[in-house]
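Enquirer: For reference, the file data-v3.tsv (TSV, C-alpha atoms and all ligand atoms) is included below:
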chain	number	residue	atom	x	y	z
A	1	MET	CA	14.48	15.29	23.43
A	2	THR	CA	11.38	13.38	22.48
A	3	HIS	CA	12.90	10.58	20.46
A	4	ASP	CA	15.95	8.45	19.82
A	5	GLU	CA	16.82	5.87	17.20
A	6	SER	CA	14.72	3.15	18.80
A	7	THR	CA	11.54	5.20	19.28
A	8	PRO	CA	8.97	3.94	16.77
A	9	ALA	CA	7.73	6.48	14.24
A	10	ILE	CA	4.19	5.40	15.12
A	11	GLU	CA	2.80	3.39	17.97
A	12	THR	CA	-0.93	2.92	18.48
A	13	SER	CA	-2.84	0.76	20.89
A	14	GLY	CA	-6.56	0.09	20.86
A	15	LEU	CA	-7.20	3.09	18.61
A	16	VAL	CA	-10.92	3.58	17.89
A	17	LYS	CA	-12.96	5.97	15.74
A	18	THR	CA	-16.68	5.58	15.18
A	19	PHE	CA	-18.98	7.49	12.86
A	20	GLY	CA	-22.53	6.92	14.06
A	21	SER	CA	-22.89	3.14	14.11
A	22	THR	CA	-19.80	2.54	11.90
A	23	ARG	CA	-16.67	1.50	13.75
A	24	ALA	CA	-14.29	2.84	11.08
A	25	VAL	CA	-11.23	2.07	13.22
A	26	ASP	CA	-11.91	-0.61	15.79
A	27	GLY	CA	-9.02	-1.22	18.16
A	28	LEU	CA	-6.02	-0.64	15.92
A	29	ASP	CA	-2.60	-1.73	17.21
A	30	LEU	CA	0.32	-0.65	15.05
A	31	THR	CA	4.06	-0.25	15.57
A	32	VAL	CA	5.89	1.45	12.73
A	33	PRO	CA	9.69	1.45	12.99
A	34	ALA	CA	11.43	4.69	12.01
A	35	GLY	CA	13.36	5.00	8.77
A	36	SER	CA	11.48	2.81	6.33
A	37	VAL	CA	8.24	2.42	4.39
A	38	TYR	CA	5.42	0.79	6.34
A	39	GLY	CA	2.53	-0.49	4.26
A	40	VAL	CA	-1.07	-0.51	5.45
A	41	LEU	CA	-2.92	-2.82	3.09
A	42	GLY	CA	-6.68	-3.05	3.02
A	43	PRO	CA	-9.74	-2.84	0.81
A	44	ASN	CA	-12.01	0.16	0.40
A	45	GLY	CA	-13.68	1.03	3.69
A	46	ALA	CA	-11.13	-0.85	5.84
A	47	GLY	CA	-10.41	2.30	7.85
A	48	LYS	CA	-7.09	3.34	6.30
A	49	THR	CA	-7.90	7.02	5.74
A	50	THR	CA	-9.58	7.36	9.14
A	51	ALA	CA	-6.49	5.88	10.85
A	52	VAL	CA	-4.15	8.17	8.90
A	53	ARG	CA	-6.23	11.23	9.73
A	54	MET	CA	-6.07	10.45	13.45
A	55	LEU	CA	-2.29	9.96	13.25
A	56	ALA	CA	-1.92	13.23	11.36
A	57	THR	CA	-3.95	14.99	14.11
A	58	LEU	CA	-6.82	15.85	11.75
A	59	LEU	CA	-9.33	13.65	13.61
A	60	ARG	CA	-9.62	13.01	17.33
A	61	PRO	CA	-9.65	9.34	18.39
A	62	ASP	CA	-12.65	8.14	20.42
A	63	ALA	CA	-10.54	5.69	22.40
A	64	GLY	CA	-7.06	4.22	22.59
A	65	GLN	CA	-3.69	5.87	22.19
A	66	ALA	CA	-1.43	6.95	19.37
A	67	HIS	CA	2.10	8.29	19.54
A	68	VAL	CA	4.22	9.72	16.74
A	69	PHE	CA	7.93	9.66	17.58
A	70	GLY	CA	6.87	9.33	21.20
A	71	LEU	CA	4.47	12.30	21.10
A	72	ASP	CA	0.80	11.87	21.93
A	73	VAL	CA	-1.32	12.81	18.89
A	74	VAL	CA	-4.01	14.40	21.08
A	75	ARG	CA	-2.15	16.00	23.98
A	76	GLN	CA	0.92	16.99	21.93
A	77	ALA	CA	-0.85	17.57	18.62
A	78	ASP	CA	1.06	20.77	17.77
A	79	ALA	CA	4.41	19.05	18.19
A	80	VAL	CA	3.21	16.09	16.11
A	81	ARG	CA	2.10	18.48	13.35
A	82	GLY	CA	5.64	19.80	13.18
A	83	LEU	CA	6.95	16.32	12.32
A	84	VAL	CA	4.38	14.96	9.88
A	85	SER	CA	3.00	15.64	6.46
A	86	LEU	CA	0.02	14.14	4.69
A	87	THR	CA	-0.70	13.71	1.05
A	88	GLY	CA	-3.72	12.09	-0.50
A	89	GLN	CA	-7.17	13.35	-1.16
A	90	TYR	CA	-6.64	16.19	1.35
A	91	ALA	CA	-3.57	17.80	-0.20
A	92	SER	CA	-3.98	21.53	-0.51
A	93	VAL	CA	-2.93	22.09	-4.09
A	94	ASP	CA	-4.87	24.83	-5.93
A	95	GLU	CA	-6.12	23.77	-9.37
A	96	ASP	CA	-6.13	27.26	-10.83
A	97	MET	CA	-2.52	27.99	-9.95
A	98	THR	CA	0.52	26.60	-11.74
A	99	GLY	CA	2.69	23.89	-10.22
A	100	ALA	CA	5.43	26.39	-9.42
A	101	GLU	CA	3.01	28.92	-7.90
A	102	ASN	CA	1.57	26.22	-5.64
A	103	LEU	CA	4.95	25.14	-4.32
A	104	VAL	CA	6.17	28.72	-3.81
A	105	LEU	CA	2.99	29.66	-1.96
A	106	LEU	CA	3.17	26.58	0.29
A	107	GLY	CA	6.84	27.31	0.93
A	108	ARG	CA	5.95	30.86	1.99
A	109	LEU	CA	3.25	29.48	4.31
A	110	LEU	CA	5.87	27.22	5.85
A	111	GLY	CA	8.03	30.26	6.57
A	112	TYR	CA	10.50	30.26	3.70
A	113	ARG	CA	11.56	33.70	2.40
A	114	LYS	CA	10.59	34.25	-1.24
A	115	PRO	CA	13.98	33.42	-2.86
A	116	ALA	CA	14.31	30.27	-0.73
A	117	ALA	CA	10.73	29.23	-1.55
A	118	ARG	CA	11.44	29.70	-5.27
A	119	ALA	CA	14.66	27.71	-5.04
A	120	ARG	CA	13.05	24.84	-3.14
A	121	SER	CA	10.12	24.83	-5.58
A	122	ALA	CA	12.44	24.64	-8.60
A	123	GLN	CA	14.44	21.86	-6.94
A	124	LEU	CA	11.34	19.76	-6.23
A	125	LEU	CA	9.83	20.34	-9.69
A	126	GLU	CA	13.10	19.16	-11.18
A	127	ALA	CA	13.33	16.12	-8.90
A	128	PHE	CA	9.77	15.10	-9.73
A	129	GLY	CA	10.09	15.57	-13.49
A	130	LEU	CA	7.74	18.56	-13.53
A	131	THR	CA	10.07	21.33	-14.71
A	132	ASP	CA	8.44	21.50	-18.15
A	133	ALA	CA	5.00	21.70	-16.52
A	134	ALA	CA	6.05	24.25	-13.86
A	135	ASP	CA	4.14	27.13	-15.46
A	136	ARG	CA	1.03	25.20	-16.43
A	137	GLN	CA	-2.16	25.36	-14.34
A	138	VAL	CA	-2.58	22.25	-12.22
A	139	LYS	CA	-6.04	21.60	-13.67
A	140	ASN	CA	-4.28	20.77	-16.94
A	141	TYR	CA	-1.99	18.18	-15.32
A	142	SER	CA	-2.42	14.44	-15.91
A	143	GLY	CA	-3.33	12.23	-12.94
A	144	GLY	CA	0.28	11.12	-12.54
A	145	MET	CA	1.67	14.67	-12.66
A	146	ARG	CA	-0.92	15.81	-10.14
A	147	ARG	CA	-0.01	12.98	-7.75
A	148	ARG	CA	3.70	13.85	-8.07
A	149	LEU	CA	2.95	17.52	-7.32
A	150	ASP	CA	0.94	16.45	-4.25
A	151	ILE	CA	3.91	14.51	-2.94
A	152	ALA	CA	6.30	17.39	-3.77
A	153	ALA	CA	4.04	19.75	-1.81
A	154	SER	CA	4.01	17.43	1.17
A	155	ILE	CA	7.80	17.16	1.41
A	156	LEU	CA	8.60	20.88	0.95
A	157	ASN	CA	9.64	20.83	4.55
A	158	THR	CA	11.25	17.34	4.69
A	159	PRO	CA	8.93	15.82	7.31
A	160	ARG	CA	10.15	13.12	9.70
A	161	LEU	CA	7.01	11.13	8.84
A	162	LEU	CA	5.09	11.26	5.58
A	163	PHE	CA	1.61	9.78	5.17
A	164	LEU	CA	0.86	8.67	1.62
A	165	ASP	CA	-2.79	7.68	1.43
A	166	GLU	CA	-3.31	5.49	-1.64
A	167	PRO	CA	-0.83	7.54	-3.69
A	168	THR	CA	-1.19	5.38	-6.80
A	169	THR	CA	-4.87	4.46	-6.86
A	170	GLY	CA	-6.20	5.18	-10.34
A	171	LEU	CA	-2.78	5.79	-11.92
A	172	ASP	CA	-1.50	4.08	-15.05
A	173	PRO	CA	1.52	1.73	-14.59
A	174	ARG	CA	4.07	4.30	-15.77
A	175	SER	CA	2.88	7.00	-13.37
A	176	ARG	CA	2.70	4.39	-10.64
A	177	ASN	CA	6.36	3.54	-11.17
A	178	GLN	CA	7.28	7.23	-11.00
A	179	VAL	CA	5.50	7.57	-7.67
A	180	TRP	CA	7.32	4.45	-6.41
A	181	ASP	CA	10.66	6.00	-7.35
A	182	ILE	CA	9.72	9.15	-5.46
A	183	VAL	CA	8.75	7.16	-2.38
A	184	ARG	CA	12.12	5.39	-2.45
A	185	ALA	CA	13.93	8.73	-2.81
A	186	VAL	CA	12.01	10.24	0.11
A	187	VAL	CA	12.90	7.30	2.37
A	188	ALA	CA	16.54	7.44	1.28
A	189	HIS	CA	16.56	10.98	2.72
A	190	GLY	CA	15.59	9.62	6.13
A	191	THR	CA	11.85	10.23	6.14
A	192	THR	CA	9.62	7.44	7.46
A	193	VAL	CA	6.69	6.74	5.15
A	194	LEU	CA	3.32	5.27	6.09
A	195	LEU	CA	1.79	4.16	2.81
A	196	THR	CA	-1.76	2.94	2.48
A	197	THR	CA	-2.65	0.84	-0.51
A	198	GLN	CA	-5.13	-1.65	-1.92
A	199	TYR	CA	-2.38	-3.40	-3.91
A	200	LEU	CA	-0.31	-6.20	-2.41
A	201	ASP	CA	2.35	-5.85	-5.11
A	202	GLU	CA	2.78	-2.16	-4.23
A	203	ALA	CA	3.26	-2.92	-0.53
A	204	ASP	CA	5.56	-5.78	-1.51
A	205	HIS	CA	7.73	-3.52	-3.70
A	206	LEU	CA	8.01	-0.62	-1.28
A	207	ALA	CA	7.36	-1.66	2.28
A	208	ALA	CA	9.71	-3.21	4.82
A	209	ARG	CA	6.70	-4.32	6.85
A	210	ILE	CA	3.00	-4.56	6.10
A	211	ALA	CA	-0.13	-4.52	8.24
A	212	VAL	CA	-3.21	-5.98	6.59
A	213	ILE	CA	-6.31	-4.27	7.93
A	214	ASP	CA	-9.94	-5.20	7.62
A	215	ALA	CA	-12.92	-3.54	9.32
A	216	GLY	CA	-10.66	-1.23	11.30
A	217	ARG	CA	-8.41	-3.93	12.76
A	218	VAL	CA	-5.05	-5.50	11.97
A	219	ILE	CA	-5.62	-9.07	10.74
A	220	ALA	CA	-1.99	-9.82	9.83
A	221	GLU	CA	1.37	-8.08	10.24
A	222	GLY	CA	4.90	-8.81	9.15
A	223	THR	CA	7.47	-8.51	6.41
A	224	PRO	CA	6.22	-9.10	2.86
A	225	GLY	CA	7.91	-12.52	3.01
A	226	GLU	CA	6.17	-13.48	6.26
A	227	LEU	CA	2.86	-12.36	4.85
A	228	LYS	CA	3.34	-14.32	1.66
A	229	SER	CA	4.31	-17.45	3.54
A	230	SER	CA	1.01	-17.30	5.39
A	231	VAL	CA	-0.85	-16.74	2.15
A	232	GLY	CA	0.99	-18.76	-0.46
A	233	ALA	CA	3.61	-17.66	-2.94
A	234	GLY	CA	1.31	-17.05	-5.86
A	235	THR	CA	-1.22	-18.28	-8.31
A	236	VAL	CA	-0.79	-20.07	-11.63
A	237	HIS	CA	-3.21	-19.16	-14.38
A	238	LEU	CA	-3.55	-21.46	-17.40
A	239	ARG	CA	-5.38	-21.40	-20.70
A	240	LEU	CA	-5.77	-24.64	-22.59
A	241	ARG	CA	-5.99	-25.16	-26.33
A	242	ASP	CA	-8.92	-27.57	-25.90
A	243	ALA	CA	-11.74	-27.08	-23.37
A	244	GLY	CA	-12.37	-30.85	-23.47
A	245	GLN	CA	-9.04	-31.38	-21.68
A	246	ARG	CA	-9.95	-29.23	-18.70
A	247	PRO	CA	-11.15	-32.02	-16.37
A	248	GLU	CA	-7.90	-33.92	-16.91
A	249	ALA	CA	-5.86	-30.69	-16.46
A	250	GLU	CA	-7.72	-30.03	-13.23
A	251	ARG	CA	-6.78	-33.47	-11.85
A	252	VAL	CA	-3.11	-33.03	-12.80
A	253	LEU	CA	-2.88	-29.57	-11.22
A	254	ALA	CA	-4.64	-30.63	-8.03
A	255	ARG	CA	-2.20	-33.53	-7.65
A	256	VAL	CA	1.02	-31.63	-8.44
A	257	LEU	CA	0.19	-28.40	-6.58
A	258	ASN	CA	-1.78	-30.07	-3.81
A	259	SER	CA	-4.24	-27.17	-3.70
A	260	PRO	CA	-7.82	-26.62	-4.90
A	261	VAL	CA	-8.15	-25.65	-8.55
A	262	GLN	CA	-10.47	-22.83	-9.61
A	263	LEU	CA	-12.20	-23.20	-12.95
A	264	GLY	CA	-12.61	-19.89	-14.82
A	265	ALA	CA	-15.85	-18.80	-16.47
A	266	ASP	CA	-14.00	-19.22	-19.76
A	267	PRO	CA	-14.10	-23.02	-20.44
A	268	VAL	CA	-10.37	-23.17	-21.27
A	269	SER	CA	-9.09	-21.39	-18.15
A	270	LEU	CA	-7.97	-22.70	-14.76
A	271	ALA	CA	-6.11	-21.27	-11.79
A	272	ALA	CA	-4.55	-22.72	-8.66
A	273	ARG	CA	-2.62	-21.42	-5.68
A	274	VAL	CA	1.03	-22.36	-5.32
A	275	THR	CA	2.18	-22.65	-1.74
A	276	GLY	CA	5.96	-22.43	-1.51
A	277	GLN	CA	7.78	-23.08	1.78
A	278	GLY	CA	10.55	-21.44	3.78
A	279	THR	CA	12.04	-17.97	3.38
A	280	GLU	CA	10.68	-15.51	0.84
A	281	ARG	CA	13.49	-16.38	-1.62
A	282	GLU	CA	13.03	-20.13	-1.10
A	283	MET	CA	9.30	-19.70	-1.42
A	284	ASP	CA	9.52	-17.82	-4.72
A	285	ARG	CA	11.93	-20.45	-6.05
A	286	GLY	CA	9.74	-23.28	-4.71
A	287	ALA	CA	6.70	-21.75	-6.37
A	288	ALA	CA	8.49	-21.48	-9.71
A	289	GLU	CA	9.67	-25.09	-9.43
A	290	GLN	CA	6.19	-26.37	-8.58
A	291	ALA	CA	4.70	-24.41	-11.46
A	292	ALA	CA	7.32	-25.82	-13.84
A	293	ARG	CA	6.57	-29.35	-12.63
A	294	ALA	CA	2.85	-28.77	-13.18
A	295	LEU	CA	3.57	-27.68	-16.75
A	296	SER	CA	5.74	-30.69	-17.52
A	297	GLU	CA	3.16	-33.11	-16.09
A	298	LEU	CA	0.43	-31.46	-18.15
A	299	ALA	CA	2.60	-31.91	-21.25
A	300	ALA	CA	3.26	-35.55	-20.28
A	301	ALA	CA	-0.51	-36.09	-20.09
A	302	GLY	CA	-0.84	-34.70	-23.63
A	303	ILE	CA	-2.58	-31.50	-22.53
A	304	VAL	CA	-1.82	-28.46	-24.69
A	305	VAL	CA	-1.34	-25.22	-22.75
A	306	ASP	CA	-1.70	-22.02	-24.79
A	307	ASP	CA	-1.01	-19.50	-22.07
A	308	PHE	CA	0.57	-19.69	-18.64
A	309	SER	CA	1.42	-17.20	-15.91
A	310	LEU	CA	2.65	-17.30	-12.33
A	311	GLY	CA	1.53	-14.20	-10.47
A	312	GLN	CA	1.58	-12.88	-6.93
A	313	PRO	CA	-1.57	-13.38	-4.91
A	314	SER	CA	-4.06	-10.54	-5.32
A	315	LEU	CA	-5.46	-8.68	-2.33
A	316	ASP	CA	-8.59	-10.81	-2.74
A	317	GLU	CA	-6.52	-13.97	-2.43
A	318	VAL	CA	-4.64	-12.56	0.58
A	319	PHE	CA	-7.95	-11.84	2.26
A	320	LEU	CA	-9.36	-15.21	1.42
A	321	ALA	CA	-6.28	-16.89	2.87
A	322	LEU	CA	-6.24	-14.70	6.00
A	323	THR	CA	-9.95	-14.72	6.73
A	324	GLY	CA	-10.87	-18.12	5.27
A	325	PRO	CA	-12.28	-20.99	7.40
A	326	ALA	CA	-8.86	-22.09	8.68
A	327	LYS	CA	-8.20	-18.65	10.17
A	328	SER	CA	-11.70	-17.60	11.12
A	329	GLU	CA	-10.55	-16.79	14.66
A	330	ALA	CA	-8.34	-13.98	13.35
A	331	ALA	CA	-11.27	-12.51	11.43
A	332	ALA	CA	-13.82	-12.83	14.23
B	1	LIG	N1	-16.69	11.28	7.89
B	1	LIG	C1	-17.30	10.10	7.89
B	1	LIG	N2	-18.60	9.97	8.25
B	1	LIG	C2	-19.21	8.77	8.27
B	1	LIG	N3	-18.61	7.60	7.94
B	1	LIG	C3	-17.32	7.66	7.57
B	1	LIG	C4	-16.60	8.90	7.52
B	1	LIG	N4	-15.33	8.63	7.12
B	1	LIG	C5	-15.28	7.30	6.92
B	1	LIG	N5	-16.45	6.72	7.18
B	1	LIG	C6	-16.74	5.26	7.12
B	1	LIG	O1	-15.74	4.60	7.87
B	1	LIG	C7	-15.31	3.41	7.22
B	1	LIG	C8	-13.82	3.49	6.94
B	1	LIG	O2	-13.60	4.50	5.96
B	1	LIG	P1	-12.14	4.92	5.49
B	1	LIG	O3	-11.29	5.21	6.68
B	1	LIG	O4	-12.31	6.04	4.52
B	1	LIG	O5	-11.62	3.59	4.77
B	1	LIG	P2	-10.49	3.40	3.64
B	1	LIG	O6	-9.66	4.66	3.63
B	1	LIG	O7	-9.75	2.18	4.08
B	1	LIG	O8	-11.22	3.18	2.35
B	1	LIG	C9	-16.17	3.30	5.97
B	1	LIG	O9	-17.27	2.47	6.28
B	1	LIG	C10	-16.61	4.71	5.72
B	1	LIG	O10	-17.84	4.73	5.03
B	2	MG	MG	-9.17	5.90	2.03
Translate the structure of the given file into structure tokens.
Expert:
Amino acid sequence: MTHDESTPAIETSGLVKTFGSTRAVDGLDLTVPAGSVYGVLGPNGAGKTTAVRMLATLLRPDAGQAHVFGLDVVRQADAVRGLVSLTGQYASVDEDMTGAENLVLLGRLLGYRKPAARARSAQLLEAFGLTDAADRQVKNYSGGMRRRLDIAASILNTPRLLFLDEPTTGLDPRSRNQVWDIVRAVVAHGTTVLLTTQYLDEADHLAARIAVIDAGRVIAEGTPGELKSSVGAGTVHLRLRDAGQRPEAERVLARVLNSPVQLGADPVSLAARVTGQGTEREMDRGAAEQAARALSELAAAGIVVDDFSLGQPSLDEVFLALTGPAKSEAAA
């Protein structure tokens, strides 16, 4: 057969796609192990959708190679299509039909007989919390319900590999959590998921490994822990009672955290990166300890802190850390 346990779900080398003078994907090298969620993290325009469309056989690469479970996406495109499913902005759900009608129709197109298509549809609607909405037209669904129906439609046939292209962009936190639960359930059933996202915390929650892409290339790759150790464990954000104490607070933070302090536009706010060391667990603990020490030294200096938070680095901070002066070679 075409694959065994050790065959990667996806393997690309030097993959390229240009549109006119835009190199949307510019020499992409990816290896996605089977059986888990792989996160592709990048800002708008990084080339995520273009890469996914080539892997799903919807676009022909201009150069390079891509294999899905060992099958060439160009020369063995039909076989690849039998193994993959794509959801995102290209899902083929009909707005004027109900949720149930959509799933039954897609099931019929996939070759299910009518009773089997109905049964599978009912099962998926139930699993995705859409039973009550089954007979409502999709155009009346909320964004979160629509996204869940898209994913349900794409796993009607339990694909070996599911592409989820920014499945939570624009969703409220509750709907986002529902989609995350679905992703976990899909992977627990043995499907490999390639998830694109603009949110580091999403990749961190779901993905076993993450590739950070920028301008069509991989600029960093690893486990969430490895990525965070190259970027720093997080950022502390502070609000002071008294704006007059900010210069002193800035000195204390710079000394304790040993990193540059950013002054917010608001005269009482400051932020600084916390760089923990070691494993992901050690790093998170180290970051919390450093943040606690910063707070106690601020208190010792008589500085009143009204609000304090320790958050994960944002995608912007990840990019700054990965493409900043110290790592300019990687970005070049
Ligand atoms: N069909 C197309 N025609 C022309 N340019 C395109 C087309 N699709 C994508 N692009 C360009 O390619 C780059 C990557 O786009 P895309 O793959 O959609 O990025 P992402 O999904 O990461 O936001 C962008 O500069 C985008 O404008
Ligand atoms: Mg996109």
Enquirer: At a cut-off of 7 Å and counting all atoms listed in the file, what residues surround ligand LIG 1 (chain B)? Please answer as a count of residues only.
Expert: 16
Enquirer: Could you please determine the separation between CA of Arg241 (chain A) and CA of Leu298 (chain A) in Å, to one decimal place?
Expert: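 Atom-to-atom, CA of Arg241 (chain A) to CA of Leu298 (chain A), that is 12.2 Å.
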Enquirer: Of the candidates A:Leu195, A:Val138, A:Ala299, A:Leu263, which one gets nearest to ligand MG 2 (chain B) if we count only C-alpha atoms and all ligand atoms?
Expert: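 Closest to ligand MG 2 (chain B) of all the choices is A:Leu195.
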Enquirer: Using all atoms listed in the file and a cutoff of 9 Å, can you tell me which residues are near (-3.4, 13.6, 21.5) in the file's coordinates, and write them out as a list of chain:residue names?
Expert: A:Thr57, A:Arg60, A:Pro61, A:Gln65, A:Ala66, A:His67, A:Leu71, A:Asp72, A:Val73, A:Val74, A:Arg75, A:Gln76, A:Ala77, A:Val80
Enquirer: I want to know what sits within 10 Å of region 139-152 of chain A, based on only C-alpha atoms, with residues of the same chain fewer than 4 positions away left out; could you give that as a PyMOL selection string?
Expert: chain A and resi 85-100+102-103+121+123-125+127-130+133-134+156-158+162-164+167-179+182-183+186
Enquirer: As an exercise, work out the distance from CA of Met54 (chain A) to CA of Thr18 (chain A) in Å and give it to one decimal place.
Expert: 11.8 Å
Enquirer: For a test of reading the model, state the distance in Å between CA of Ala153 (chain A) and CA of Leu105 (chain A), rounded to one decimal.
Expert: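 Straight-line distance from CA of Ala153 (chain A) to CA of Leu105 (chain A) works out to 10.0 Å.
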Enquirer: Neighbours of Glu250 (chain A) within 12 Å (all atoms listed in the file; same-chain residues fewer than 4 positions away dropped), as number ranges by chain?
Expert: A: 237-240, 243-246, 254-264, 267-272, 294, 297-298, 301, 303
Enquirer: Could you tell me which of A:Ala287, A:Val40, A:Leu58, A:Leu106 comes closest to ligand MG 2 (chain B) if we count all atoms listed in the file?
Expert: A:Val40
Enquirer: Near Ala208 (chain A), within 7 Å and counting only C-alpha atoms, which residues show up once chain neighbours fewer than 5 positions away are dropped, as number ranges by chain?
Expert: A: 36-38, 223
Enquirer: Would you please work out which residue, of A:Ile155, A:Val252, A:Ala34, A:Val274, is nearest to Leu110 (chain A) when using all atoms listed in the file?
Expert: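 Closest candidate: A:Ile155.
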Enquirer: Name the closest residue to ligand MG 2 (chain B) among the candidates A:Asp62, A:Asp165, A:Gly35, A:Gly107; distances are taken between atoms, counting all atoms listed in the file.
Expert: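 Ranked by minimum distance to ligand MG 2 (chain B), first place goes to A:Asp165.
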Enquirer: Could you check the closest approach to ligand MG 2 (chain B) for each of A:Val52, A:Ala117, A:Leu320, A:Leu253 and tell me which residue wins, using only C-alpha atoms and all ligand atoms?
Expert: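 Looking only at the distances to ligand MG 2 (chain B), the closest residue turns out to be A:Val52.
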Enquirer: For ligand MG 2 (chain B), which of A:Leu41, A:Ala203, A:Ala9, A:Leu30 is the closest residue, counting all atoms listed in the file?
Expert: A:Leu41
Enquirer: Where atoms are absent from region 235-256 of chain A, fill them in so it carries N, CA and C atoms, then output it as an mmCIF file, in the frame of the given file.
Expert:
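Dumped everything to out.cif:
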data_model
loop_
_atom_site.group_PDB
_atom_site.id
_atom_site.type_symbol
_atom_site.label_atom_id
_atom_site.label_comp_id
_atom_site.auth_asym_id
_atom_site.auth_seq_id
_atom_site.Cartn_x
_atom_site.Cartn_y
_atom_site.Cartn_z
ATOM 1 N N THR A 235 -0.145 -17.562 -7.639
ATOM 2 C CA THR A 235 -1.220 -18.280 -8.310
ATOM 3 C C THR A 235 -0.784 -18.554 -9.749
ATOM 4 N N VAL A 236 -1.014 -19.788 -10.210
ATOM 5 C CA VAL A 236 -0.790 -20.070 -11.630
ATOM 6 C C VAL A 236 -2.121 -19.927 -12.361
ATOM 7 N N HIS A 237 -2.038 -19.291 -13.501
ATOM 8 C CA HIS A 237 -3.210 -19.160 -14.380
ATOM 9 C C HIS A 237 -2.870 -19.848 -15.692
ATOM 10 N N LEU A 238 -3.788 -20.688 -16.162
ATOM 11 C CA LEU A 238 -3.550 -21.460 -17.400
ATOM 12 C C LEU A 238 -4.695 -21.277 -18.368
ATOM 13 N N ARG A 239 -4.345 -21.278 -19.657
ATOM 14 C CA ARG A 239 -5.380 -21.400 -20.700
ATOM 15 C C ARG A 239 -5.017 -22.584 -21.584
ATOM 16 N N LEU A 240 -6.005 -23.438 -21.791
ATOM 17 C CA LEU A 240 -5.770 -24.640 -22.590
ATOM 18 C C LEU A 240 -6.169 -24.412 -24.038
ATOM 19 N N ARG A 241 -5.590 -25.192 -24.931
ATOM 20 C CA ARG A 241 -5.990 -25.160 -26.330
ATOM 21 C C ARG A 241 -7.413 -25.691 -26.482
ATOM 22 N N ASP A 242 -7.689 -26.811 -25.694
ATOM 23 C CA ASP A 242 -8.920 -27.570 -25.900
ATOM 24 C C ASP A 242 -9.705 -27.664 -24.594
ATOM 25 N N ALA A 243 -10.912 -27.081 -24.591
ATOM 26 C CA ALA A 243 -11.740 -27.080 -23.370
ATOM 27 C C ALA A 243 -12.044 -28.491 -22.889
ATOM 28 N N GLY A 244 -12.071 -29.460 -23.829
ATOM 29 C CA GLY A 244 -12.370 -30.850 -23.470
ATOM 30 C C GLY A 244 -11.308 -31.454 -22.553
ATOM 31 N N GLN A 245 -10.114 -30.842 -22.527
ATOM 32 C CA GLN A 245 -9.040 -31.380 -21.680
ATOM 33 C C GLN A 245 -9.043 -30.797 -20.273
ATOM 34 N N ARG A 246 -10.010 -29.901 -19.998
ATOM 35 C CA ARG A 246 -9.950 -29.230 -18.700
ATOM 36 C C ARG A 246 -10.121 -30.166 -17.498
ATOM 37 N N PRO A 247 -11.034 -31.132 -17.544
ATOM 38 C CA PRO A 247 -11.150 -32.020 -16.370
ATOM 39 C C PRO A 247 -9.847 -32.747 -16.055
ATOM 40 N N GLU A 248 -9.170 -33.214 -17.103
ATOM 41 C CA GLU A 248 -7.900 -33.920 -16.910
ATOM 42 C C GLU A 248 -6.849 -32.935 -16.357
ATOM 43 N N ALA A 249 -6.818 -31.713 -16.921
ATOM 44 C CA ALA A 249 -5.860 -30.690 -16.460
ATOM 45 C C ALA A 249 -6.113 -30.374 -14.990
ATOM 46 N N GLU A 250 -7.369 -30.317 -14.615
ATOM 47 C CA GLU A 250 -7.720 -30.030 -13.230
ATOM 48 C C GLU A 250 -7.165 -31.101 -12.292
ATOM 49 N N ARG A 251 -7.300 -32.368 -12.699
ATOM 50 C CA ARG A 251 -6.780 -33.470 -11.850
ATOM 51 C C ARG A 251 -5.265 -33.374 -11.717
ATOM 52 N N VAL A 252 -4.578 -33.102 -12.840
ATOM 53 C CA VAL A 252 -3.110 -33.030 -12.800
ATOM 54 C C VAL A 252 -2.663 -31.882 -11.876
ATOM 55 N N LEU A 253 -3.281 -30.721 -12.036
ATOM 56 C CA LEU A 253 -2.880 -29.570 -11.220
ATOM 57 C C LEU A 253 -3.138 -29.816 -9.733
ATOM 58 N N ALA A 254 -4.298 -30.379 -9.428
ATOM 59 C CA ALA A 254 -4.640 -30.630 -8.030
ATOM 60 C C ALA A 254 -3.618 -31.571 -7.396
ATOM 61 N N ARG A 255 -3.164 -32.554 -8.180
ATOM 62 C CA ARG A 255 -2.200 -33.530 -7.650
ATOM 63 C C ARG A 255 -0.829 -32.885 -7.472
ATOM 64 N N VAL A 256 -0.348 -32.170 -8.493
ATOM 65 C CA VAL A 256 1.020 -31.630 -8.440
ATOM 66 C C VAL A 256 1.114 -30.477 -7.437
#
